[in-house]
$ cat final.tsv   # TSV, C-alpha atoms
chain	number	residue	atom	x	y	z
A	9	MET	CA	8.02	41.76	-17.58
A	10	ASN	CA	6.85	41.05	-21.12
A	11	ALA	CA	6.78	43.84	-23.66
A	12	GLU	CA	3.08	43.06	-24.16
A	13	SER	CA	2.22	43.47	-20.49
A	14	PRO	CA	0.38	46.58	-19.23
A	15	ALA	CA	2.37	49.70	-18.40
A	16	ALA	CA	0.75	49.91	-14.96
A	17	ILE	CA	-0.07	47.21	-12.44
A	18	ALA	CA	-1.50	49.67	-9.90
A	19	PRO	CA	-2.72	52.86	-11.63
A	20	GLY	CA	-2.78	55.88	-9.35
A	21	GLN	CA	-0.42	54.19	-6.87
A	22	PRO	CA	3.09	55.12	-8.05
A	23	ARG	CA	5.02	53.48	-5.19
A	24	ALA	CA	3.01	50.25	-5.25
A	25	ASN	CA	3.18	50.17	-9.03
A	26	ALA	CA	6.96	50.65	-9.07
A	27	SER	CA	7.44	47.83	-6.57
A	28	LEU	CA	5.23	45.39	-8.48
A	29	VAL	CA	6.70	46.23	-11.88
A	30	ALA	CA	10.21	45.78	-10.44
A	31	ALA	CA	9.17	42.44	-8.95
A	32	LEU	CA	8.02	41.18	-12.33
A	33	GLY	CA	11.32	42.25	-13.84
A	34	SER	CA	13.65	40.81	-11.21
A	35	GLY	CA	11.67	37.79	-10.05
A	36	PRO	CA	8.58	37.90	-7.83
A	37	ALA	CA	8.50	36.86	-4.19
A	38	HIS	CA	6.30	33.98	-3.09
A	39	ALA	CA	4.08	36.08	-0.82
A	40	TYR	CA	2.84	39.67	-0.85
A	41	LEU	CA	0.68	41.64	1.55
A	42	PHE	CA	-1.20	44.45	-0.19
A	43	VAL	CA	-2.19	46.96	2.51
A	44	GLY	CA	-4.45	49.96	2.00
A	45	PRO	CA	-7.99	51.29	2.35
A	46	ASN	CA	-10.94	49.98	0.39
A	47	GLY	CA	-11.13	51.54	-3.05
A	48	SER	CA	-7.39	52.19	-3.30
A	49	GLY	CA	-7.00	49.66	-6.11
A	50	LYS	CA	-5.67	46.62	-4.22
A	51	ARG	CA	-8.05	44.14	-5.85
A	52	GLU	CA	-7.47	45.46	-9.37
A	53	ALA	CA	-3.71	45.44	-8.81
A	54	ALA	CA	-3.84	41.89	-7.42
A	55	ARG	CA	-5.76	40.64	-10.46
A	56	THR	CA	-3.43	42.42	-12.90
A	57	PHE	CA	-0.34	41.19	-11.04
A	58	ALA	CA	-1.74	37.65	-11.01
A	59	ALA	CA	-2.39	37.92	-14.75
A	60	GLU	CA	1.24	38.87	-15.35
A	61	LEU	CA	2.53	36.06	-13.13
A	62	LEU	CA	0.45	33.46	-14.95
A	63	ALA	CA	1.04	34.88	-18.43
A	64	GLU	CA	4.82	34.72	-18.18
A	65	GLY	CA	6.17	31.89	-20.28
A	66	SER	CA	2.77	31.06	-21.75
A	67	ASP	CA	2.33	30.38	-25.48
A	68	ASP	CA	-0.73	32.65	-25.38
A	69	PRO	CA	-0.01	35.38	-22.79
A	70	GLU	CA	-2.83	37.64	-23.95
A	71	GLY	CA	-5.31	34.78	-23.69
A	72	VAL	CA	-4.11	34.05	-20.16
A	73	ARG	CA	-4.47	37.70	-19.19
A	74	ARG	CA	-8.00	37.87	-20.57
A	75	ARG	CA	-9.08	34.82	-18.58
A	76	VAL	CA	-7.46	36.00	-15.36
A	77	MET	CA	-8.99	39.46	-15.64
A	78	ARG	CA	-12.50	38.02	-15.88
A	79	HIS	CA	-14.48	37.83	-12.65
A	80	PRO	CA	-14.97	35.10	-11.71
A	81	SER	CA	-11.89	33.87	-13.56
A	82	PRO	CA	-11.98	30.54	-15.43
A	83	HIS	CA	-8.20	30.17	-15.21
A	84	PRO	CA	-7.45	26.95	-13.28
A	85	ASP	CA	-4.26	28.29	-11.69
A	86	LEU	CA	-5.84	31.37	-10.12
A	87	VAL	CA	-7.52	30.76	-6.75
A	88	TRP	CA	-9.47	33.84	-5.61
A	89	VAL	CA	-10.68	33.56	-2.00
A	90	GLU	CA	-13.34	35.83	-0.44
A	91	PRO	CA	-14.55	35.70	3.19
A	92	ALA	CA	-17.47	33.37	3.83
A	93	GLY	CA	-19.64	36.00	5.49
A	94	ALA	CA	-18.00	37.92	8.32
A	95	THR	CA	-14.80	35.85	8.35
A	96	HIS	CA	-12.76	33.40	6.34
A	97	LEU	CA	-13.63	29.89	7.47
A	98	VAL	CA	-10.56	27.91	8.52
A	99	GLU	CA	-11.86	24.97	6.46
A	100	GLY	CA	-11.95	27.21	3.39
A	101	ILE	CA	-8.37	28.40	3.89
A	102	ARG	CA	-7.19	24.83	4.36
A	103	GLU	CA	-9.06	23.48	1.35
A	104	ASP	CA	-8.71	26.33	-1.15
A	105	VAL	CA	-5.25	27.63	-0.26
A	106	ILE	CA	-3.20	25.19	1.80
A	107	ARG	CA	-4.21	22.01	-0.04
A	108	GLY	CA	-4.44	23.89	-3.32
A	109	ALA	CA	-0.87	25.11	-2.93
A	110	ALA	CA	0.30	21.48	-2.93
A	111	LEU	CA	-1.11	20.88	-6.42
A	112	ARG	CA	1.07	21.48	-9.46
A	113	PRO	CA	-0.08	24.11	-11.97
A	114	ALA	CA	-2.65	22.90	-14.48
A	115	GLU	CA	-1.31	24.98	-17.38
A	116	GLY	CA	1.85	26.99	-16.86
A	117	SER	CA	4.62	27.16	-14.30
A	118	ARG	CA	2.77	29.01	-11.51
A	119	ARG	CA	-0.31	29.02	-9.31
A	120	VAL	CA	-1.55	32.25	-7.71
A	121	PHE	CA	-3.67	32.44	-4.55
A	122	VAL	CA	-5.40	35.73	-3.73
A	123	ILE	CA	-6.90	36.08	-0.24
A	124	CYS	CA	-9.18	39.12	-0.11
A	125	GLU	CA	-9.84	40.83	3.22
A	126	ALA	CA	-7.05	38.83	4.82
A	127	GLU	CA	-7.70	40.57	8.14
A	128	ALA	CA	-10.97	38.60	8.23
A	129	MET	CA	-8.93	35.44	8.79
A	130	ARG	CA	-9.17	34.45	12.43
A	131	GLU	CA	-6.00	33.51	14.25
A	132	GLU	CA	-6.65	29.81	13.65
A	133	SER	CA	-6.81	30.39	9.89
A	134	GLN	CA	-3.67	32.50	9.88
A	135	ASN	CA	-1.77	29.91	11.90
A	136	ALA	CA	-2.92	27.19	9.52
A	137	LEU	CA	-1.61	29.24	6.59
A	138	LEU	CA	1.73	30.01	8.22
A	139	LYS	CA	3.54	26.75	7.36
A	140	THR	CA	2.48	27.08	3.71
A	141	LEU	CA	3.95	30.58	3.58
A	142	GLU	CA	7.13	29.35	5.27
A	143	GLU	CA	7.67	26.44	2.88
A	144	PRO	CA	5.81	27.22	-0.34
A	145	GLY	CA	6.17	25.22	-3.52
A	146	ASP	CA	8.42	26.97	-6.01
A	147	PHE	CA	5.39	27.49	-8.28
A	148	ALA	CA	3.05	29.06	-5.65
A	149	HIS	CA	2.51	32.79	-5.14
A	150	PHE	CA	0.26	34.28	-2.46
A	151	LEU	CA	-1.33	37.74	-2.53
A	152	LEU	CA	-2.97	38.75	0.76
A	153	LEU	CA	-5.13	41.88	0.65
A	154	ALA	CA	-5.89	43.83	3.85
A	155	THR	CA	-7.02	47.30	4.86
A	156	SER	CA	-4.61	47.29	7.80
A	157	GLN	CA	-1.65	45.23	8.91
A	158	ASP	CA	-2.71	45.47	12.55
A	159	GLN	CA	-4.97	42.40	12.39
A	160	ILE	CA	-2.47	40.29	10.47
A	161	LEU	CA	-0.26	38.13	12.69
A	162	PRO	CA	3.35	39.40	12.72
A	163	THR	CA	4.50	35.91	11.73
A	164	ILE	CA	2.36	36.18	8.59
A	165	GLY	CA	3.40	39.73	7.79
A	166	SER	CA	7.10	38.95	8.21
A	167	ARG	CA	6.88	36.31	5.48
A	168	CYS	CA	5.32	38.68	2.97
A	169	SER	CA	6.64	41.56	0.92
A	170	VAL	CA	4.43	44.46	2.01
A	171	ILE	CA	3.04	46.68	-0.75
A	172	GLU	CA	1.35	49.80	0.59
A	173	PHE	CA	-1.60	51.43	-1.19
A	174	SER	CA	-2.51	55.02	-0.31
A	175	PRO	CA	-6.07	56.36	-0.31
A	176	LEU	CA	-6.93	57.88	-3.67
A	177	PRO	CA	-6.97	61.68	-3.38
A	178	PRO	CA	-10.42	63.27	-3.75
A	179	GLU	CA	-9.45	64.76	-7.10
A	180	ALA	CA	-8.60	61.33	-8.51
A	181	VAL	CA	-11.85	59.85	-7.18
A	182	ALA	CA	-13.87	62.71	-8.68
A	183	GLN	CA	-12.22	62.19	-12.07
A	184	ARG	CA	-13.05	58.46	-12.05
A	185	LEU	CA	-16.72	58.82	-11.10
A	186	GLY	CA	-17.81	59.53	-14.66
A	187	THR	CA	-19.72	62.67	-13.65
A	188	ASP	CA	-18.76	66.35	-13.78
A	189	PRO	CA	-15.68	66.46	-11.51
A	190	ASP	CA	-16.44	70.09	-10.66
A	191	ASP	CA	-20.04	69.44	-9.60
A	192	PRO	CA	-20.45	70.03	-5.82
A	193	ALA	CA	-22.21	66.68	-5.38
A	194	THR	CA	-19.32	64.88	-7.09
A	195	ILE	CA	-16.78	66.75	-4.98
A	196	ALA	CA	-18.74	65.88	-1.83
A	197	ALA	CA	-18.95	62.18	-2.72
A	198	ALA	CA	-15.21	62.10	-3.48
A	199	ARG	CA	-14.28	63.80	-0.21
A	200	LEU	CA	-16.64	61.75	1.92
A	201	SER	CA	-15.45	58.47	0.41
A	202	GLY	CA	-12.00	58.59	1.98
A	203	GLY	CA	-10.49	57.43	-1.30
A	204	ASP	CA	-12.93	54.52	-1.77
A	205	LEU	CA	-14.21	54.77	-5.35
A	206	GLY	CA	-17.00	52.25	-4.73
A	207	LEU	CA	-18.25	54.19	-1.73
A	208	ALA	CA	-18.08	57.44	-3.71
A	209	ARG	CA	-20.37	55.93	-6.35
A	210	LEU	CA	-22.78	54.87	-3.61
A	211	LEU	CA	-22.76	58.37	-2.16
A	212	LEU	CA	-23.77	59.91	-5.48
A	213	ASP	CA	-27.22	58.37	-4.97
A	214	SER	CA	-29.38	61.26	-3.77
A	215	GLY	CA	-32.62	59.32	-3.23
A	216	GLU	CA	-34.57	59.74	-0.02
A	217	SER	CA	-33.63	56.24	1.14
A	218	SER	CA	-29.96	56.48	0.09
A	219	LEU	CA	-27.17	56.00	2.60
A	220	ARG	CA	-26.13	59.63	2.50
A	221	GLN	CA	-29.66	60.94	2.97
A	222	VAL	CA	-30.54	58.69	5.92
A	223	SER	CA	-27.18	59.47	7.57
A	224	GLU	CA	-27.62	63.21	7.12
A	225	ARG	CA	-31.13	63.10	8.56
A	226	ALA	CA	-29.91	61.15	11.57
A	227	ALA	CA	-27.01	63.54	12.19
A	228	ARG	CA	-29.17	66.66	11.89
A	229	ALA	CA	-31.82	65.17	14.18
A	230	ALA	CA	-29.27	65.31	17.00
A	231	LEU	CA	-29.42	69.11	16.80
A	232	ALA	CA	-33.23	69.24	17.00
A	233	ASP	CA	-34.91	70.26	20.22
A	234	PRO	CA	-36.90	68.24	20.99
A	235	GLN	CA	-35.17	65.33	19.27
A	236	PRO	CA	-37.48	62.95	17.38
A	237	ALA	CA	-37.90	59.43	18.70
A	238	ALA	CA	-35.18	56.98	17.62
A	239	PRO	CA	-33.56	59.33	15.07
A	240	TRP	CA	-31.09	56.57	14.28
A	241	ARG	CA	-33.79	54.16	13.07
A	242	GLY	CA	-33.26	55.07	9.41
A	243	LEU	CA	-29.61	54.08	9.67
A	244	LEU	CA	-30.46	50.70	11.12
A	245	ASP	CA	-33.21	50.09	8.58
A	246	TYR	CA	-30.85	50.93	5.74
A	247	ALA	CA	-28.20	48.56	7.11
A	248	THR	CA	-30.76	45.77	7.57
A	249	GLU	CA	-32.03	46.12	4.01
A	250	ALA	CA	-28.47	46.14	2.63
A	251	GLY	CA	-27.76	42.94	4.55
A	252	GLU	CA	-30.92	41.28	3.24
A	253	GLN	CA	-30.09	42.23	-0.35
A	254	ALA	CA	-26.55	40.86	-0.01
A	255	ALA	CA	-27.94	37.65	1.50
A	256	ALA	CA	-30.31	37.20	-1.44
A	257	VAL	CA	-27.43	37.58	-3.90
A	258	GLU	CA	-25.29	35.11	-1.94
A	259	GLU	CA	-28.13	32.60	-1.73
A	260	GLU	CA	-28.63	32.79	-5.49
A	261	ARG	CA	-24.90	32.29	-6.05
A	262	LEU	CA	-24.81	29.21	-3.81
A	263	LEU	CA	-27.87	27.75	-5.49
A	264	GLU	CA	-26.19	28.12	-8.89
A	265	LEU	CA	-23.18	26.27	-7.48
A	266	GLY	CA	-25.46	23.51	-6.23
A	267	GLU	CA	-24.53	24.11	-2.59
A	268	GLY	CA	-27.98	25.12	-1.44
A	269	THR	CA	-29.77	21.92	-2.40
A	270	GLY	CA	-29.74	18.32	-1.35
A	271	ARG	CA	-31.34	16.08	1.24
A	272	GLY	CA	-29.62	14.11	3.96
A	273	GLY	CA	-26.01	13.01	4.37
A	274	GLN	CA	-23.23	15.18	3.04
A	275	LYS	CA	-25.57	17.12	0.78
A	276	GLY	CA	-27.69	18.01	3.75
A	277	LYS	CA	-24.56	19.25	5.52
A	278	LEU	CA	-23.73	21.41	2.52
A	279	ARG	CA	-27.22	22.86	2.57
A	280	THR	CA	-26.87	23.77	6.25
A	281	ASP	CA	-23.45	25.31	5.65
A	282	ALA	CA	-24.84	27.33	2.75
A	283	ALA	CA	-27.65	28.69	4.91
A	284	ASP	CA	-25.13	29.65	7.59
A	285	GLN	CA	-22.99	31.40	5.00
A	286	VAL	CA	-25.99	33.41	3.77
A	287	LYS	CA	-26.66	34.51	7.36
A	288	ARG	CA	-23.01	35.49	7.86
A	289	THR	CA	-23.10	37.52	4.66
A	290	ALA	CA	-26.21	39.38	5.80
A	291	ARG	CA	-24.67	40.13	9.19
A	292	ARG	CA	-21.39	41.27	7.69
A	293	VAL	CA	-22.97	43.65	5.17
A	294	ARG	CA	-25.42	44.97	7.76
A	295	THR	CA	-22.59	45.74	10.19
A	296	HIS	CA	-20.49	47.35	7.47
A	297	SER	CA	-23.39	49.49	6.20
A	298	LEU	CA	-24.22	50.71	9.69
A	299	ASP	CA	-20.58	51.66	10.22
A	300	LEU	CA	-20.57	53.57	6.92
A	301	GLY	CA	-23.67	55.47	8.00
A	302	LEU	CA	-22.17	56.40	11.34
A	303	GLY	CA	-19.01	57.47	9.55
A	304	LEU	CA	-21.10	59.88	7.46
A	305	CYS	CA	-22.70	61.22	10.65
A	306	ALA	CA	-19.22	61.83	12.05
A	307	ALA	CA	-18.31	63.61	8.80
A	308	TRP	CA	-21.34	65.90	9.21
A	309	PHE	CA	-20.25	66.91	12.71
A	310	ARG	CA	-16.69	67.31	11.48
A	311	ASP	CA	-17.98	69.73	8.83
A	312	LEU	CA	-19.95	71.62	11.48
A	313	ALA	CA	-16.71	72.05	13.41
A	314	ALA	CA	-15.04	73.41	10.28
A	315	VAL	CA	-17.86	75.88	9.60
A	316	ALA	CA	-18.10	76.99	13.24
A	317	GLY	CA	-14.33	77.46	13.29
A	318	GLY	CA	-14.29	79.60	10.16
A	319	GLY	CA	-13.01	76.88	7.82
A	320	ALA	CA	-15.98	76.46	5.49
A	321	ASP	CA	-13.61	75.74	2.60
A	322	LEU	CA	-12.52	72.55	4.40
A	323	VAL	CA	-15.92	70.84	4.52
A	324	PHE	CA	-16.54	67.47	2.87
A	325	ASN	CA	-20.26	68.03	2.21
A	326	ARG	CA	-19.58	70.76	-0.34
A	327	ASP	CA	-23.12	70.63	-1.72
A	328	ARG	CA	-24.71	71.19	1.69
A	329	SER	CA	-23.28	74.60	2.56
A	330	SER	CA	-26.61	76.19	3.49
A	331	GLU	CA	-27.65	73.26	5.71
A	332	LEU	CA	-24.27	73.25	7.45
A	333	ALA	CA	-24.42	77.00	8.01
A	334	ALA	CA	-27.87	76.64	9.59
A	335	ASP	CA	-26.77	73.77	11.85
A	336	ALA	CA	-23.57	75.56	12.88
A	337	GLU	CA	-25.45	78.66	14.02
A	338	GLY	CA	-24.60	79.17	17.69
A	339	LEU	CA	-22.59	75.93	17.87
A	340	SER	CA	-19.01	75.95	19.06
A	341	ALA	CA	-16.40	74.06	17.08
A	342	SER	CA	-15.30	72.23	20.23
A	343	ARG	CA	-18.74	70.71	20.79
A	344	ALA	CA	-18.91	69.56	17.17
A	345	VAL	CA	-15.49	67.94	17.55
A	346	GLU	CA	-16.71	66.22	20.71
A	347	ALA	CA	-19.71	64.91	18.75
A	348	VAL	CA	-17.33	63.32	16.23
A	349	ALA	CA	-15.54	61.58	19.10
A	350	LEU	CA	-18.84	60.27	20.51
A	351	VAL	CA	-19.83	58.78	17.15
A	352	ASN	CA	-16.46	57.16	16.58
A	353	ASP	CA	-16.47	55.69	20.08
A	354	THR	CA	-19.84	54.07	19.36
A	355	ARG	CA	-18.49	52.70	16.08
A	356	ARG	CA	-15.70	50.99	18.00
A	357	ARG	CA	-18.09	49.57	20.60
A	358	LEU	CA	-20.42	48.21	17.93
A	359	GLY	CA	-17.47	46.18	16.69
A	360	LEU	CA	-17.55	44.37	20.05
A	361	ASN	CA	-21.08	43.01	19.40
A	362	VAL	CA	-22.92	45.28	21.82
A	363	SER	CA	-26.66	45.80	21.32
A	364	GLU	CA	-27.11	48.08	18.30
A	365	ASP	CA	-30.40	49.57	19.50
A	366	LEU	CA	-29.09	50.37	22.97
A	367	ALA	CA	-25.77	51.74	21.70
A	368	LEU	CA	-27.44	53.98	19.10
A	369	ASP	CA	-30.09	55.19	21.52
A	370	ALA	CA	-27.42	56.09	24.07
A	371	LEU	CA	-25.35	57.84	21.38
A	372	TRP	CA	-28.17	60.10	20.20
A	373	LEU	CA	-29.13	60.96	23.76
A	374	ARG	CA	-25.53	62.08	24.36
A	375	LEU	CA	-25.40	63.94	21.07
A	376	GLY	CA	-28.64	65.76	21.82
A	377	SER	CA	-27.43	66.75	25.28
A	378	LEU	CA	-24.14	67.99	23.85
A	379	LEU	CA	-25.34	69.84	20.78
A	380	THR	CA	-28.52	71.52	22.09
A	381	ARG	CA	-27.33	72.78	25.44
$ encode --input "final.tsv" --output "structure tokens"
Amino acid sequence: MNAESPAAIAPGQPRANASLVAALGSGPAHAYLFVGPNGSGKREAARTFAAELLAEGSDDPEGVRRRVMRHPSPHPDLVWVEPAGATHLVEGIREDVIRGAALRPAEGSRRVFVICEAEAMREESQNALLKTLEEPGDFAHFLLLATSQDQILPTIGSRCSVIEFSPLPPEAVAQRLGTDPDDPATIAAARLSGGDLGLARLLLDSGESSLRQVSERAARAALADPQPAAPWRGLLDYATEAGEQAAAVEEERLLELGEGTGRGGQKGKLRTDAADQVKRTARRVRTHSLDLGLGLCAAWFRDLAAVAGGGADLVFNRDRSSELAADAEGLSASRAVEAVALVNDTRRRLGLNVSEDLALDALWLRLGSLLTR
């Protein structure tokens, strides 16, 4: 590792940082699997590690680092691959990674391929990548980023050095939010985020149409008697709007790349593919946003269980103590725990492409029956 290189590859992740710094000193492996929750610093660490790999031996290492750290990066030997919507397309993996790994570096002695959300690669894509990982060029390095190793084929995982990233502790998230770390709203956002700094920032939004507000209203509606009609509608509307906004951004990006225009022939095919990618992006963000909202509902019921069980100091929603106390009145901790299980079961079933409306309607009927009896 060069004397000019940064002291930390993965700040806040001492074990991951030690492994990556040691790898730079002793000679890096050809393939790594960075595993950890969203917001734990995998992407930042991958970009910094890639910068160090590409800077080594360069006549202008600082210039290389600056280019690699930009997003998107103009460095020709860094290939940064994101899912095309809900999944990585096998054609994209073959073109960007497999064929790209056969090309010699344009500048230095290495090429680095970063595959974000590697668990979004379907089995066909992972199998296509396998031979490249088994017999890589001596200049190629692969960084696969995943939230869990469970959806990565064992044959892929066995050919990678696994670097584990832990969730950031709430205190670390609170310190990085740029707000008063002792403010109850900051503490709540940090605790509810599960170590995901990006989610914590989203949760600081206290507007009426914010994710936290619509989730809280939906969760509390389950305790109302009678329950309002479709109390989950706000969650679905929020998720739909988030998907539409993401689709608009993706469409603009594709238009700038020239992939959303053209008539007939190959250009027409590109235009169709671009439209499909926009739709996949909308669906992916919508599904993710709905899952986040349901996760916040589960956190509300989890806090009710803590309050009902005499553990008010354990709640995540630290700035909602009066609301939690009111909702926990007369509620047993066991029923609140059962409500958490019902929500999480629905989250799993929604991952199987069941009807959202029917699944959510059934969930709130069950919640109402459980929590108001």
$ atom_distance --input "final.tsv" --atom1 "atom CA of A:Gly242" --atom2 "atom CA of A:Gly338"
26.9 Å
$ residues_around --input "final.tsv" --residues "A:Arg292" --least-positions-apart "4" --cutoff "12 Å" --atoms "all atoms listed in the file" --output "PyMOL selection string"
chain A and resi 91-96+128+247-248+250-255+285-288+296-299+359+361
$ residues_near_point --input "final.tsv" --point "(-13.1, 43.5, -12.5)" --cutoff "9 Å" --atoms "all atoms listed in the file" --output "number ranges by chain"
A: 51-52, 55, 77-80
$ write_last_selection --input "final.tsv" --atoms "C-alpha atoms" --output "tab-separated table (two decimals), keeping the file's coordinate frame"
chain	number	residue	atom	x	y	z
A	51	ARG	CA	-8.05	44.14	-5.85
A	52	GLU	CA	-7.47	45.46	-9.37
A	55	ARG	CA	-5.76	40.64	-10.46
A	77	MET	CA	-8.99	39.46	-15.64
A	78	ARG	CA	-12.50	38.02	-15.88
A	79	HIS	CA	-14.48	37.83	-12.65
A	80	PRO	CA	-14.97	35.10	-11.71
$ residues_around --input "final.tsv" --residues "A:Asn135" --least-positions-apart "5" --cutoff "12 Å" --atoms "all atoms listed in the file" --output "list of chain:residue names"
A:Val98, A:Ile101, A:Arg102, A:Ile106, A:Met129, A:Arg130, A:Thr140, A:Leu141, A:Glu142, A:Ile160, A:Leu161, A:Pro162, A:Thr163, A:Ile164, A:Gly165
$ write_last_selection --input "final.tsv" --atoms "C-alpha atoms" --output "PDB file, keeping the file's coordinate frame"
ATOM      1  CA  VAL A  98     -10.560  27.910   8.520  1.00  0.00           C
ATOM      2  CA  ILE A 101      -8.370  28.400   3.890  1.00  0.00           C
ATOM      3  CA  ARG A 102      -7.190  24.830   4.360  1.00  0.00           C
ATOM      4  CA  ILE A 106      -3.200  25.190   1.800  1.00  0.00           C
ATOM      5  CA  MET A 129      -8.930  35.440   8.790  1.00  0.00           C
ATOM      6  CA  ARG A 130      -9.170  34.450  12.430  1.00  0.00           C
ATOM      7  CA  THR A 140       2.480  27.080   3.710  1.00  0.00           C
ATOM      8  CA  LEU A 141       3.950  30.580   3.580  1.00  0.00           C
ATOM      9  CA  GLU A 142       7.130  29.350   5.270  1.00  0.00           C
ATOM     10  CA  ILE A 160      -2.470  40.290  10.470  1.00  0.00           C
ATOM     11  CA  LEU A 161      -0.260  38.130  12.690  1.00  0.00           C
ATOM     12  CA  PRO A 162       3.350  39.400  12.720  1.00  0.00           C
ATOM     13  CA  THR A 163       4.500  35.910  11.730  1.00  0.00           C
ATOM     14  CA  ILE A 164       2.360  36.180   8.590  1.00  0.00           C
ATOM     15  CA  GLY A 165       3.400  39.730   7.790  1.00  0.00           C
TER      16      GLY A 165
END
$ atom_distance --input "final.tsv" --atom1 "atom CA of A:Ala306" --atom2 "atom CA of A:Ser363"
20.0 Å
$ atom_distance --input "final.tsv" --atom1 "atom CA of A:Phe57" --atom2 "atom CA of A:Leu32"
8.5 Å
$ closest_atom_pairs --input "final.tsv" --of "stretch 245-364 of chain A" --to "stretch 190-202 of chain A" --cutoff "12 Å" --atoms "only C-alpha atoms" --output "CSV"
residue,atom,partner,partner_atom,distance
A:Leu300,CA,A:Ser201,CA,9.6
A:Gly301,CA,A:Leu200,CA,11.2
A:Gly303,CA,A:Leu200,CA,9.1
A:Leu304,CA,A:Leu200,CA,7.4
A:Cys305,CA,A:Leu200,CA,10.6
A:Ala306,CA,A:Leu200,CA,10.5
A:Ala307,CA,A:Leu200,CA,7.3
A:Trp308,CA,A:Leu200,CA,9.6
A:Arg310,CA,A:Leu200,CA,11.1
A:Asp311,CA,A:Leu200,CA,10.6
A:Asp321,CA,A:Ala196,CA,12.0
A:Leu322,CA,A:Arg199,CA,10.0
A:Val323,CA,A:Ala196,CA,8.5
A:Phe324,CA,A:Arg199,CA,5.3
A:Asn325,CA,A:Ala196,CA,4.8
A:Arg326,CA,A:Ala196,CA,5.2
A:Asp327,CA,A:Pro192,CA,4.9
A:Arg328,CA,A:Pro192,CA,8.7
A:Ser329,CA,A:Pro192,CA,10.0
$ closest_residue --input "final.tsv" --among "A:Leu312, A:Val293, A:Val122, A:Leu185" --to "A:Ala256" --atoms "all atoms listed in the file"
A:Val293
$ closest_residue --input "final.tsv" --among "A:Glu115, A:Asp233, A:Asp204, A:Asp158" --to "A:Pro175" --atoms "only C-alpha atoms"
A:Asp204
$ closest_residue --input "final.tsv" --among "A:Ala282, A:Leu302, A:Leu176, A:Leu378" --to "A:Leu243" --atoms "all atoms listed in the file"
A:Leu302
$ closest_residue --input "final.tsv" --among "A:Leu375, A:Ser117, A:Val348, A:Leu97" --to "A:Asp284" --atoms "all atoms listed in the file"
A:Leu97
$ closest_residue --input "final.tsv" --among "A:Ala30, A:Leu358, A:Ala347, A:Leu86" --to "A:Arg228" --atoms "only C-alpha atoms"
A:Ala347
$ closest_residue --input "final.tsv" --among "A:Gly108, A:Gly44, A:Pro69, A:Gly215" --to "A:Phe173" --atoms "only C-alpha atoms"
A:Gly44
$ residues_around --input "final.tsv" --residues "A:Tyr40" --least-positions-apart "6" --cutoff "6 Å" --atoms "all atoms listed in the file" --output "list in words"
Leu151, Cys168, Ser169 and Val170 of chain A
$ build_atoms --input "final.tsv" --residues "stretch 322-333 of chain A" --atoms "N, CA and C atoms" --output "CSV table (one decimal), in the frame of the given file"
chain,number,residue,atom,x,y,z
A,322,LEU,N,-13.1,73.9,4.1
A,322,LEU,CA,-12.5,72.6,4.4
A,322,LEU,C,-13.6,71.5,4.5
A,323,VAL,N,-14.9,71.8,4.3
A,323,VAL,CA,-15.9,70.8,4.5
A,323,VAL,C,-15.9,69.8,3.4
A,324,PHE,N,-16.4,68.6,3.8
A,324,PHE,CA,-16.5,67.5,2.9
A,324,PHE,C,-17.9,67.6,2.1
A,325,ASN,N,-18.9,67.9,2.8
A,325,ASN,CA,-20.3,68.0,2.2
A,325,ASN,C,-20.4,69.4,1.5
A,326,ARG,N,-19.7,69.5,0.4
A,326,ARG,CA,-19.6,70.8,-0.3
A,326,ARG,C,-20.9,71.2,-0.9
A,327,ASP,N,-21.8,70.3,-1.1
A,327,ASP,CA,-23.1,70.6,-1.7
A,327,ASP,C,-24.2,70.9,-0.6
A,328,ARG,N,-23.8,71.0,0.6
A,328,ARG,CA,-24.7,71.2,1.7
A,328,ARG,C,-24.3,72.4,2.5
A,329,SER,N,-23.8,73.4,1.8
A,329,SER,CA,-23.3,74.6,2.6
A,329,SER,C,-24.4,75.3,3.3
A,330,SER,N,-25.6,75.5,2.8
A,330,SER,CA,-26.6,76.2,3.5
A,330,SER,C,-27.1,75.4,4.7
A,331,GLU,N,-27.2,74.1,4.6
A,331,GLU,CA,-27.6,73.3,5.7
A,331,GLU,C,-26.6,73.3,6.8
A,332,LEU,N,-25.3,73.2,6.4
A,332,LEU,CA,-24.3,73.2,7.4
A,332,LEU,C,-24.2,74.6,8.2
A,333,ALA,N,-24.4,75.7,7.4
A,333,ALA,CA,-24.4,77.0,8.0
A,333,ALA,C,-25.5,77.1,9.0
